[in-house]
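Enquirer: Got upload06.csv for you, CSV, C-alpha atoms:
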chain,number,residue,atom,x,y,z
A,1,MET,CA,7.0,-25.8,-0.2
A,2,PHE,CA,5.1,-24.4,-3.3
A,3,SER,CA,6.7,-26.5,-6.0
A,4,GLY,CA,4.1,-27.2,-8.6
A,5,LEU,CA,1.6,-24.7,-7.3
A,6,ARG,CA,-0.1,-22.7,-10.1
A,7,ILE,CA,-1.6,-19.3,-9.3
A,8,LEU,CA,-3.6,-17.2,-11.8
A,9,PHE,CA,-2.7,-13.7,-10.5
A,10,VAL,CA,-4.9,-10.7,-11.4
A,11,ALA,CA,-3.9,-7.2,-10.3
A,12,ASP,CA,-2.7,-3.8,-11.4
A,13,LEU,CA,0.7,-4.8,-12.8
A,14,ASN,CA,2.1,-1.4,-13.7
A,15,VAL,CA,5.8,-1.0,-12.8
A,16,TYR,CA,5.0,1.2,-9.8
A,17,SER,CA,2.2,-1.0,-8.4
A,18,LYS,CA,2.1,-3.0,-5.2
A,19,GLY,CA,0.5,-5.8,-7.1
A,20,LEU,CA,3.6,-6.3,-9.2
A,21,GLY,CA,5.6,-6.7,-6.0
A,22,ARG,CA,3.3,-9.4,-4.8
A,23,ALA,CA,3.6,-11.2,-8.1
A,24,ARG,CA,7.4,-11.0,-7.7
A,25,ALA,CA,7.1,-12.5,-4.2
A,26,LEU,CA,5.2,-15.5,-5.6
A,27,ARG,CA,7.9,-16.1,-8.2
A,28,ASP,CA,10.5,-15.9,-5.4
A,29,LEU,CA,8.6,-18.6,-3.6
A,30,GLY,CA,8.7,-20.8,-6.6
A,31,VAL,CA,5.1,-20.5,-7.5
A,32,ARG,CA,4.1,-20.9,-11.2
A,33,THR,CA,2.3,-17.7,-11.8
A,34,THR,CA,0.2,-16.5,-14.8
A,35,GLU,CA,-0.2,-12.8,-14.4
A,36,LEU,CA,-3.0,-10.6,-15.9
A,37,SER,CA,-3.3,-6.9,-15.4
A,38,HIS,CA,-6.8,-5.5,-14.9
A,39,THR,CA,-5.5,-1.9,-15.3
A,40,ALA,CA,-4.3,-0.1,-18.4
A,41,SER,CA,-0.6,0.6,-18.7
A,42,GLY,CA,0.7,4.1,-17.8
A,43,GLY,CA,0.9,6.6,-15.0
A,44,ALA,CA,4.5,5.9,-14.0
A,45,ASP,CA,5.1,9.6,-13.0
A,46,ALA,CA,2.0,9.9,-10.9
A,47,GLY,CA,1.8,6.4,-9.5
A,48,PHE,CA,-1.6,5.8,-11.1
A,49,VAL,CA,-3.3,5.7,-14.5
A,50,SER,CA,-5.2,9.0,-15.3
A,51,ILE,CA,-9.0,8.7,-15.0
A,52,SER,CA,-11.3,10.1,-17.7
A,53,MET,CA,-14.3,12.2,-17.0
A,54,LEU,CA,-16.6,9.3,-18.0
A,55,ASP,CA,-14.8,7.0,-15.6
A,56,ARG,CA,-15.2,9.6,-12.8
A,57,ILE,CA,-19.0,9.9,-13.5
A,58,LEU,CA,-19.3,6.1,-13.6
A,59,TRP,CA,-17.4,5.8,-10.3
A,60,LYS,CA,-19.9,8.1,-8.7
A,61,LEU,CA,-22.5,5.6,-9.8
A,62,GLY,CA,-20.6,2.7,-8.3
A,63,ILE,CA,-19.3,1.4,-11.6
A,64,GLN,CA,-15.8,0.7,-12.9
A,65,GLN,CA,-15.4,-0.2,-16.6
A,66,ASP,CA,-13.6,-3.4,-17.6
A,67,ALA,CA,-11.2,-1.4,-19.7
A,68,THR,CA,-8.8,-4.3,-20.4
A,69,GLY,CA,-11.3,-7.1,-21.0
A,70,ILE,CA,-10.2,-8.8,-17.8
A,71,ASN,CA,-13.4,-10.8,-17.3
A,72,ARG,CA,-13.0,-12.5,-20.7
A,73,ARG,CA,-9.2,-12.9,-20.3
A,74,LEU,CA,-9.6,-14.4,-16.8
A,75,THR,CA,-11.9,-17.2,-17.9
A,76,GLU,CA,-9.7,-17.9,-21.0
A,77,ALA,CA,-6.6,-18.1,-18.8
A,78,ALA,CA,-8.3,-20.4,-16.3
A,79,ASN,CA,-9.1,-22.8,-19.1
A,80,ASP,CA,-5.4,-22.8,-20.2
A,81,VAL,CA,-3.7,-22.8,-16.8
A,82,VAL,CA,-6.1,-24.8,-14.6
A,83,PRO,CA,-4.8,-23.0,-11.5
A,84,HIS,CA,-4.9,-24.1,-7.9
A,85,ILE,CA,-5.5,-20.5,-6.7
A,86,ILE,CA,-7.1,-17.6,-8.6
A,87,TRP,CA,-5.9,-14.4,-6.9
A,88,ILE,CA,-7.7,-11.2,-7.6
A,89,GLU,CA,-6.7,-7.8,-6.2
A,90,LYS,CA,-9.4,-5.2,-5.6
A,91,GLY,CA,-11.6,-6.7,-8.4
A,92,ASN,CA,-14.0,-3.8,-8.7
A,93,MET,CA,-14.6,-4.7,-12.3
A,94,ILE,CA,-14.7,-8.5,-11.9
A,95,ARG,CA,-18.3,-9.7,-12.3
A,96,ALA,CA,-20.1,-12.3,-10.2
A,97,SER,CA,-20.9,-14.2,-13.4
A,98,THR,CA,-17.2,-14.4,-14.1
A,99,LEU,CA,-16.4,-15.9,-10.7
A,100,SER,CA,-19.3,-18.3,-11.1
A,101,ALA,CA,-18.0,-19.4,-14.5
A,102,LEU,CA,-14.5,-19.9,-13.0
A,103,ARG,CA,-16.0,-22.2,-10.4
A,104,GLY,CA,-17.3,-24.3,-13.3
A,105,ILE,CA,-13.9,-24.3,-15.1
A,106,VAL,CA,-11.7,-25.2,-12.0
A,107,ALA,CA,-14.1,-26.4,-9.3
A,108,ASP,CA,-11.3,-27.1,-6.8
A,109,ALA,CA,-9.4,-23.8,-7.2
A,110,ALA,CA,-9.5,-21.3,-4.3
A,111,ILE,CA,-10.8,-17.9,-5.5
A,112,VAL,CA,-9.2,-15.2,-3.4
A,113,SER,CA,-9.7,-11.5,-3.0
A,114,TYR,CA,-7.0,-9.1,-1.7
A,115,SER,CA,-7.2,-5.4,-1.2
A,116,GLU,CA,-5.1,-2.8,0.7
A,117,ASP,CA,-8.1,-0.4,0.6
A,118,ASP,CA,-11.0,-0.4,3.1
A,119,MET,CA,-13.5,-2.2,1.0
A,120,PHE,CA,-16.3,-1.8,3.5
A,121,LEU,CA,-16.4,1.9,2.8
A,122,ALA,CA,-18.6,2.7,-0.2
A,123,HIS,CA,-16.2,5.1,-1.9
A,124,ASN,CA,-13.7,2.2,-2.4
A,125,ARG,CA,-15.9,-0.4,-3.9
A,126,THR,CA,-18.3,-0.8,-6.8
A,127,ARG,CA,-21.7,-2.5,-7.0
A,128,THR,CA,-20.0,-5.2,-9.0
A,129,TYR,CA,-17.5,-5.9,-6.2
A,130,ARG,CA,-20.3,-6.2,-3.6
A,131,LYS,CA,-22.2,-8.7,-5.8
A,132,SER,CA,-19.1,-10.7,-6.3
A,133,LEU,CA,-18.1,-10.9,-2.6
A,134,PRO,CA,-20.0,-14.2,-1.8
A,135,TYR,CA,-18.1,-16.0,-4.6
A,136,TYR,CA,-14.7,-15.6,-3.0
A,137,ASP,CA,-13.4,-18.4,-0.8
A,138,CYS,CA,-11.2,-16.0,1.1
A,139,VAL,CA,-10.9,-12.2,1.4
A,140,PHE,CA,-7.7,-10.7,2.6
A,141,THR,CA,-7.7,-7.2,3.9
A,142,THR,CA,-5.2,-4.8,5.5
A,143,LYS,CA,-8.0,-3.1,7.4
A,144,ALA,CA,-8.6,-5.0,10.6
A,145,PRO,CA,-12.1,-3.6,11.2
A,146,ASN,CA,-13.2,-5.3,7.9
A,147,VAL,CA,-13.2,-8.7,9.7
A,148,ASP,CA,-16.0,-7.6,12.1
A,149,PRO,CA,-19.2,-9.5,11.3
A,150,ALA,CA,-20.9,-6.2,10.7
A,151,GLU,CA,-18.5,-5.2,7.9
A,152,LEU,CA,-17.3,-7.4,5.0
A,153,PRO,CA,-19.1,-10.5,6.3
A,154,ALA,CA,-22.3,-8.5,6.4
A,155,LEU,CA,-21.8,-7.7,2.7
A,156,GLY,CA,-21.5,-11.4,1.8
A,157,ALA,CA,-17.8,-12.3,2.4
A,158,ARG,CA,-17.6,-15.8,3.7
A,159,ARG,CA,-14.1,-15.7,5.2
A,160,VAL,CA,-12.2,-12.5,5.9
A,161,ILE,CA,-8.6,-12.5,7.1
A,162,ALA,CA,-6.7,-9.3,8.2
A,163,VAL,CA,-3.0,-9.1,7.3
A,164,ASP,CA,-0.4,-6.4,7.9
A,165,LYS,CA,1.3,-4.2,5.2
A,166,ALA,CA,4.5,-5.4,3.7
A,167,PHE,CA,7.7,-4.1,1.9
A,168,ASP,CA,9.1,-5.3,-1.4
A,169,PRO,CA,12.6,-6.6,-0.8
A,170,HIS,CA,13.4,-5.9,-4.5
A,171,LEU,CA,12.7,-2.2,-4.0
A,172,HIS,CA,12.8,-1.2,-0.3
A,173,TYR,CA,16.3,-1.6,1.1
A,174,PRO,CA,19.0,0.8,2.2
A,175,VAL,CA,20.6,2.5,-0.9
A,176,ALA,CA,23.6,4.8,-1.0
A,177,VAL,CA,22.6,8.3,-2.0
A,178,SER,CA,25.0,10.7,-3.8
A,179,ASP,CA,25.2,14.4,-3.2
A,180,SER,CA,23.1,14.9,-6.3
A,181,ASP,CA,20.5,12.4,-4.9
A,182,VAL,CA,20.3,14.4,-1.7
A,183,ALA,CA,19.8,17.6,-3.6
A,184,ARG,CA,17.2,16.1,-5.8
A,185,TYR,CA,15.2,14.1,-3.2
A,186,GLY,CA,16.5,14.8,0.3
A,187,ALA,CA,15.3,16.9,3.2
A,188,ASP,CA,15.7,17.3,6.9
A,189,VAL,CA,12.0,16.4,7.2
A,190,GLY,CA,9.9,14.9,4.4
A,191,PHE,CA,6.6,13.3,3.7
A,192,VAL,CA,5.5,11.2,0.7
A,193,GLY,CA,1.8,10.8,0.3
A,194,SER,CA,-1.4,12.3,-1.0
A,195,TYR,CA,-3.0,15.5,0.3
A,196,GLU,CA,-5.4,15.3,3.2
A,197,GLU,CA,-6.5,18.3,5.3
A,198,ALA,CA,-5.4,16.8,8.6
A,199,ARG,CA,-1.9,16.1,7.2
A,200,ALA,CA,-1.7,19.6,5.7
A,201,ARG,CA,-2.5,21.1,9.2
A,202,SER,CA,0.3,19.1,10.8
A,203,LEU,CA,2.8,20.0,8.2
A,204,ALA,CA,1.9,23.6,8.3
A,205,HIS,CA,2.3,23.5,12.1
A,206,LEU,CA,5.9,22.3,11.7
A,207,ALA,CA,6.7,24.9,9.1
A,208,ALA,CA,5.2,27.7,11.2
A,209,ASN,CA,7.6,26.7,14.0
A,210,GLY,CA,10.7,26.8,11.9
A,211,ILE,CA,10.9,23.3,10.6
A,212,THR,CA,11.5,23.0,6.8
A,213,VAL,CA,9.5,20.2,5.3
A,214,ARG,CA,9.6,18.7,1.8
A,215,VAL,CA,6.3,17.1,0.5
A,216,TRP,CA,5.9,14.7,-2.4
A,217,GLY,CA,2.6,13.4,-3.6
A,218,ASN,CA,-0.6,14.1,-5.5
A,219,GLY,CA,-3.4,16.6,-4.6
A,220,TRP,CA,-1.3,19.2,-2.8
A,221,GLU,CA,-2.3,21.9,-5.1
A,222,ALA,CA,-5.4,22.2,-2.8
A,223,LEU,CA,-3.0,23.8,-0.3
A,224,ARG,CA,-2.8,27.3,-1.7
A,225,ASP,CA,-1.8,29.3,1.4
A,226,ARG,CA,1.1,27.8,3.2
A,227,PRO,CA,3.8,29.1,5.4
A,228,PRO,CA,7.4,29.5,4.2
A,229,GLY,CA,9.3,26.3,4.8
A,230,LEU,CA,6.6,24.0,3.6
A,231,ASN,CA,8.0,23.0,0.2
A,232,ILE,CA,5.4,21.2,-1.9
A,233,GLU,CA,6.9,19.4,-4.9
A,234,GLY,CA,3.5,19.0,-6.6
A,235,ARG,CA,4.3,15.6,-7.9
A,236,ALA,CA,4.6,12.0,-6.8
A,237,VAL,CA,7.8,10.2,-6.3
A,238,VAL,CA,7.7,6.5,-7.2
A,239,ASN,CA,9.9,3.5,-7.9
A,240,ALA,CA,9.5,2.7,-11.6
A,241,GLY,CA,11.7,-0.1,-12.9
A,242,ASP,CA,15.3,0.6,-12.2
A,243,ASP,CA,14.7,4.2,-11.1
A,244,LEU,CA,14.4,3.9,-7.3
A,245,ALA,CA,13.3,7.5,-6.8
A,246,TYR,CA,11.0,6.7,-3.9
A,247,THR,CA,13.6,4.6,-2.1
A,248,LYS,CA,16.2,7.3,-2.6
A,249,THR,CA,13.8,9.9,-1.2
A,250,LEU,CA,13.4,7.9,2.0
A,251,CYS,CA,17.1,7.2,2.3
A,252,ALA,CA,18.1,10.9,1.6
A,253,THR,CA,15.6,12.3,4.2
A,254,ARG,CA,16.6,12.6,7.8
A,255,ILE,CA,13.1,12.3,9.3
A,256,ASN,CA,10.4,10.6,7.2
A,257,LEU,CA,6.9,11.4,8.5
A,258,GLY,CA,4.1,8.8,8.5
A,259,PHE,CA,0.5,10.0,8.6
A,260,LEU,CA,-2.6,7.8,8.7
A,261,ARG,CA,-5.3,8.5,6.2
A,262,LYS,CA,-8.5,9.2,8.2
A,263,LEU,CA,-10.8,8.7,5.2
A,264,ASN,CA,-9.7,5.1,5.0
A,265,ARG,CA,-9.6,4.4,8.7
A,266,ASP,CA,-5.8,3.7,8.5
A,267,THR,CA,-4.0,2.2,11.5
A,268,GLN,CA,-1.0,1.4,9.3
A,269,THR,CA,0.0,2.3,5.7
A,270,ASP,CA,2.5,1.1,3.1
A,271,ARG,CA,5.0,3.6,4.4
A,272,SER,CA,4.7,2.2,7.9
A,273,VAL,CA,6.8,-0.7,6.8
A,274,GLU,CA,8.6,0.6,3.7
A,275,ILE,CA,10.3,3.5,5.5
A,276,PRO,CA,12.0,1.3,8.1
A,277,ALA,CA,12.7,-1.4,5.5
A,278,CYS,CA,14.8,1.1,3.6
A,279,GLY,CA,16.9,1.7,6.8
A,280,ALA,CA,15.4,5.2,7.0
A,281,PHE,CA,14.1,6.9,10.2
A,282,MET,CA,10.3,7.0,10.6
A,283,LEU,CA,8.3,9.4,12.8
A,284,ALA,CA,4.7,8.3,12.4
A,285,GLU,CA,1.3,8.8,14.0
A,286,ARG,CA,0.8,6.5,17.0
A,287,SER,CA,-1.6,3.6,16.6
A,288,ASP,CA,-2.0,0.2,18.1
A,289,ASP,CA,-0.8,-1.4,14.9
A,290,HIS,CA,2.3,0.9,14.8
A,291,LEU,CA,3.2,0.1,18.4
A,292,ARG,CA,2.8,-3.6,17.6
A,293,LEU,CA,5.0,-3.5,14.5
A,294,PHE,CA,7.8,-1.3,15.9
A,295,ALA,CA,9.0,-0.5,19.4
A,296,ASP,CA,8.5,3.3,20.1
A,297,GLY,CA,11.8,5.1,20.5
A,298,LYS,CA,13.8,2.0,19.5
A,299,GLU,CA,12.7,0.9,16.0
A,300,ALA,CA,10.7,4.0,15.0
A,301,ALA,CA,9.2,7.0,16.8
A,302,PHE,CA,5.5,7.9,17.1
A,303,PHE,CA,3.4,11.0,17.9
A,304,GLY,CA,-0.1,11.6,18.9
A,305,SER,CA,-0.6,15.4,18.5
A,306,ASP,CA,0.9,18.3,16.5
A,307,GLY,CA,2.7,19.4,19.7
A,308,GLU,CA,4.4,16.0,20.2
A,309,LEU,CA,5.2,15.9,16.4
A,310,LEU,CA,7.0,19.2,16.7
A,311,GLU,CA,8.8,18.2,19.9
A,312,LYS,CA,10.0,14.9,18.5
A,313,THR,CA,11.0,16.4,15.2
A,314,ARG,CA,13.3,18.9,17.0
A,315,TYR,CA,14.7,16.2,19.2
A,316,TYR,CA,15.6,13.7,16.5
A,317,LEU,CA,17.1,16.4,14.2
A,318,ALA,CA,19.4,17.3,17.1
A,319,HIS,CA,20.3,13.6,17.9
A,320,GLU,CA,21.9,12.2,14.8
A,321,GLN,CA,23.4,9.0,16.3
A,322,GLU,CA,20.2,8.0,18.1
A,323,ARG,CA,18.1,8.6,15.0
A,324,ALA,CA,20.5,6.5,12.9
A,325,ALA,CA,20.4,3.7,15.5
A,326,ILE,CA,16.6,3.6,15.5
A,327,ALA,CA,16.6,3.5,11.7
A,328,ARG,CA,19.0,0.5,11.7
A,329,ALA,CA,16.9,-1.3,14.3
A,330,GLY,CA,13.7,-0.6,12.3
A,331,ARG,CA,15.3,-2.2,9.3
A,332,GLN,CA,16.3,-5.3,11.4
A,333,ARG,CA,12.8,-5.6,12.8
A,334,CYS,CA,11.4,-5.8,9.2
A,335,LEU,CA,13.8,-8.6,8.4
A,336,ASP,CA,13.5,-10.5,11.7
A,337,ALA,CA,9.7,-10.3,11.9
A,338,GLY,CA,9.1,-11.2,8.3
A,339,TYR,CA,7.5,-8.0,7.1
A,340,SER,CA,8.4,-8.6,3.4
A,341,GLU,CA,6.0,-9.3,0.6
A,342,THR,CA,7.6,-12.7,0.3
A,343,GLU,CA,6.8,-13.7,3.8
A,344,ARG,CA,3.3,-12.1,3.7
A,345,MET,CA,2.5,-14.0,0.5
A,346,ARG,CA,3.8,-17.2,2.1
A,347,LEU,CA,1.4,-16.7,5.0
A,348,MET,CA,-1.6,-15.9,2.8
A,349,ILE,CA,-1.0,-18.8,0.4
A,350,GLY,CA,-0.9,-21.0,3.5
A,351,HIS,CA,-4.3,-19.7,4.5
A,352,CYS,CA,-5.6,-20.4,1.0
A,353,ARG,CA,-4.6,-24.0,1.1
A,354,ALA,CA,-5.8,-24.6,4.6
Before anything else, please render the file you have as structure tokens.

Expert:
Amino acid sequence: MFSGLRILFVADLNVYSKGLGRARALRDLGVRTTELSHTASGGADAGFVSISMLDRILWKLGIQQDATGINRRLTEAANDVVPHIIWIEKGNMIRASTLSALRGIVADAAIVSYSEDDMFLAHNRTRTYRKSLPYYDCVFTTKAPNVDPAELPALGARRVIAVDKAFDPHLHYPVAVSDSDVARYGADVGFVGSYEEARARSLAHLAANGITVRVWGNGWEALRDRPPGLNIEGRAVVNAGDDLAYTKTLCATRINLGFLRKLNRDTQTDRSVEIPACGAFMLAERSDDHLRLFADGKEAAFFGSDGELLEKTRYYLAHEQERAAIARAGRQRCLDAGYSETERMRLMIGHCRA
């Protein structure tokens, strides 16, 4: 279907990044890809590259430095490759002048933007990104509200398409966990994700009611006072190369919690699909998207309050076979419904060529 298709793919291509998974998906589809990383290498332990004080100050001003010379490299590569599609992920440092120059180099190429963050919210975008929006032929977003005429179209986006999150079939699948894996990564109840106050309150509620919870992620040092039973690892757990620490964590945990990030208006997250794809049990916040993606009580379980979270946590800890059956069904839904990065990229590339 994509034989001969050439895509110039620009993203964070660190070993832990979601962008690398989408690049792999394109290769799996037979696309001829030329891949450029707009992000410096590093950060495998934390899941992101450390940010300098200067970068933090500039970000407050709506500026992200082009630390890798991606604007220059992008135009050079376009001259060499002559791509059919130029794919740019969250191009906060990609200048409008660069996109204009690309149009002169490959007039017929589709210039595409993709982001998993809510780019209508000012804290996620730079002034450069906003100026560049009108130059994209298509903008893909995992935040459905961005499609509204009052959101990204009002900032200049010409065509906005919402897509769901996806799992990487190379990384997110059931893995056998050893006793040492369970000791290192496992828990009765676990959560993988960054600190947010609402999440901390819900986890503290579980711990205060006798549920032991293990938490992995960044920023949890902000939670200084916590009840016994809320075990904060104080570090991220990521898949980096052959080390499937994140996948092992999900598979070694009996109940994996899924919280929506209020700051980003989440209705689904990466973990919404990755947990079930790993054949692991997910208990997540209820949302319209979650209910559309998975049948409640059959392919995943959902909660709408701390009281319901506690009730369902106790129930599923006590019903091992039912929990395992739901986890298996969630995995099957991911496969049958095409929730993989491969199928998601197939869909988006189809839109690009329409």

Enquirer: So what do you get for CA of Ala23 (chain A) versus CA of Arg346 (chain A), distance-wise?

Expert: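 Answer for the CA of Ala23 (chain A) to CA of Arg346 (chain A) separation: 11.8 Å.
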
Enquirer: Please work out which residues fall within 12 Å of (0.0, 19.3, 19.2), coordinates as given in the file, with only C-alpha atoms counting, and return them as an MDAnalysis selection string.

Expert: chainID A and resid 201:206 209 285 303:312

Enquirer: Could you please give me, as a VMD selection string, the residues of protein, DNA or RNA lying at most 10 Å from (3.5, -20.6, -7.8) in the coordinate frame of the file, considering all atoms listed in the file?

Expert: chain A and resid 1 to 9 23 25 to 34 83 to 85 349

Enquirer: Tell me, as a PyMOL selection string, which residues lie within 6 Å of Val139 (chain A), counting only C-alpha atoms; anything in the same chain fewer than 5 positions away does not count.

Expert: chain A and resi 112-114+160

Enquirer: Could you write out that same residue set with C-alpha atoms as a compact mmCIF listing (two decimals), keeping the file's coordinate frame?

Expert:
# COMPACT_ATOMS: atom_id res chain seq x y z
CA VAL A 112 -9.20 -15.20 -3.40
CA SER A 113 -9.70 -11.50 -3.00
CA TYR A 114 -7.00 -9.10 -1.70
CA VAL A 160 -12.20 -12.50 5.90

Enquirer: To one decimal place in Å, what is the distance between CA of Ile326 (chain A) and CA of Leu293 (chain A)?

Expert: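 CA of Leu293 (chain A) lies at a distance of 13.6 Å from CA of Ile326 (chain A).
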
Enquirer: Nearest residue to Cys251 (chain A) out of A:Leu283, A:Ala301, A:Val82, A:Val175, using all atoms listed in the file?

Expert: A:Val175

Enquirer: Skip region 211-221 of chain A itself and residues of its chain fewer than 4 positions away, then list as a PyMOL selection string all residues within 6 Å of it, counting all atoms listed in the file.

Expert: chain A and resi 189-195+206-207+229-233+235-236

Enquirer: Expressed in Å to a single decimal, how great is the separation between CA of Ala122 (chain A) and CA of Asp288 (chain A)?

Expert: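 Those two atoms sit 24.8 Å apart.
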
Enquirer: Counting only C-alpha atoms, figure out which residue out of A:Phe120, A:Tyr135, A:Phe302, A:Tyr246 gets nearest to Val147 (chain A).

Expert: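 Closest candidate: A:Phe120.
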
Enquirer: Name all residues at most 12 Å from Thr39 (chain A) (count all atoms listed in the file; drop same-chain ones fewer than 6 positions away) and give them as a list in words.

Expert: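 In the requested format, the answer is Val10, Ala11, Asp12, Leu13, Asn14, Val15, Ser17, Gly19, Leu20, Phe48, Val49, Ser50, Ile51, Gln64, Gln65, Asp66, Ala67, Thr68, Gly69, Ile70, Glu89, Lys90, Gly91, Asn92, Met93 and Ile94 of chain A.
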
Enquirer: Go ahead and save the picked residues with C-alpha atoms, as an mmCIF file, in the frame of the given file.

Expert:
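Saved result, out_9.cif, follows:
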data_model
loop_
_atom_site.group_PDB
_atom_site.id
_atom_site.type_symbol
_atom_site.label_atom_id
_atom_site.label_comp_id
_atom_site.auth_asym_id
_atom_site.auth_seq_id
_atom_site.Cartn_x
_atom_site.Cartn_y
_atom_site.Cartn_z
ATOM 1 C CA VAL A 10 -4.900 -10.700 -11.400
ATOM 2 C CA ALA A 11 -3.900 -7.200 -10.300
ATOM 3 C CA ASP A 12 -2.700 -3.800 -11.400
ATOM 4 C CA LEU A 13 0.700 -4.800 -12.800
ATOM 5 C CA ASN A 14 2.100 -1.400 -13.700
ATOM 6 C CA VAL A 15 5.800 -1.000 -12.800
ATOM 7 C CA SER A 17 2.200 -1.000 -8.400
ATOM 8 C CA GLY A 19 0.500 -5.800 -7.100
ATOM 9 C CA LEU A 20 3.600 -6.300 -9.200
ATOM 10 C CA PHE A 48 -1.600 5.800 -11.100
ATOM 11 C CA VAL A 49 -3.300 5.700 -14.500
ATOM 12 C CA SER A 50 -5.200 9.000 -15.300
ATOM 13 C CA ILE A 51 -9.000 8.700 -15.000
ATOM 14 C CA GLN A 64 -15.800 0.700 -12.900
ATOM 15 C CA GLN A 65 -15.400 -0.200 -16.600
ATOM 16 C CA ASP A 66 -13.600 -3.400 -17.600
ATOM 17 C CA ALA A 67 -11.200 -1.400 -19.700
ATOM 18 C CA THR A 68 -8.800 -4.300 -20.400
ATOM 19 C CA GLY A 69 -11.300 -7.100 -21.000
ATOM 20 C CA ILE A 70 -10.200 -8.800 -17.800
ATOM 21 C CA GLU A 89 -6.700 -7.800 -6.200
ATOM 22 C CA LYS A 90 -9.400 -5.200 -5.600
ATOM 23 C CA GLY A 91 -11.600 -6.700 -8.400
ATOM 24 C CA ASN A 92 -14.000 -3.800 -8.700
ATOM 25 C CA MET A 93 -14.600 -4.700 -12.300
ATOM 26 C CA ILE A 94 -14.700 -8.500 -11.900
#
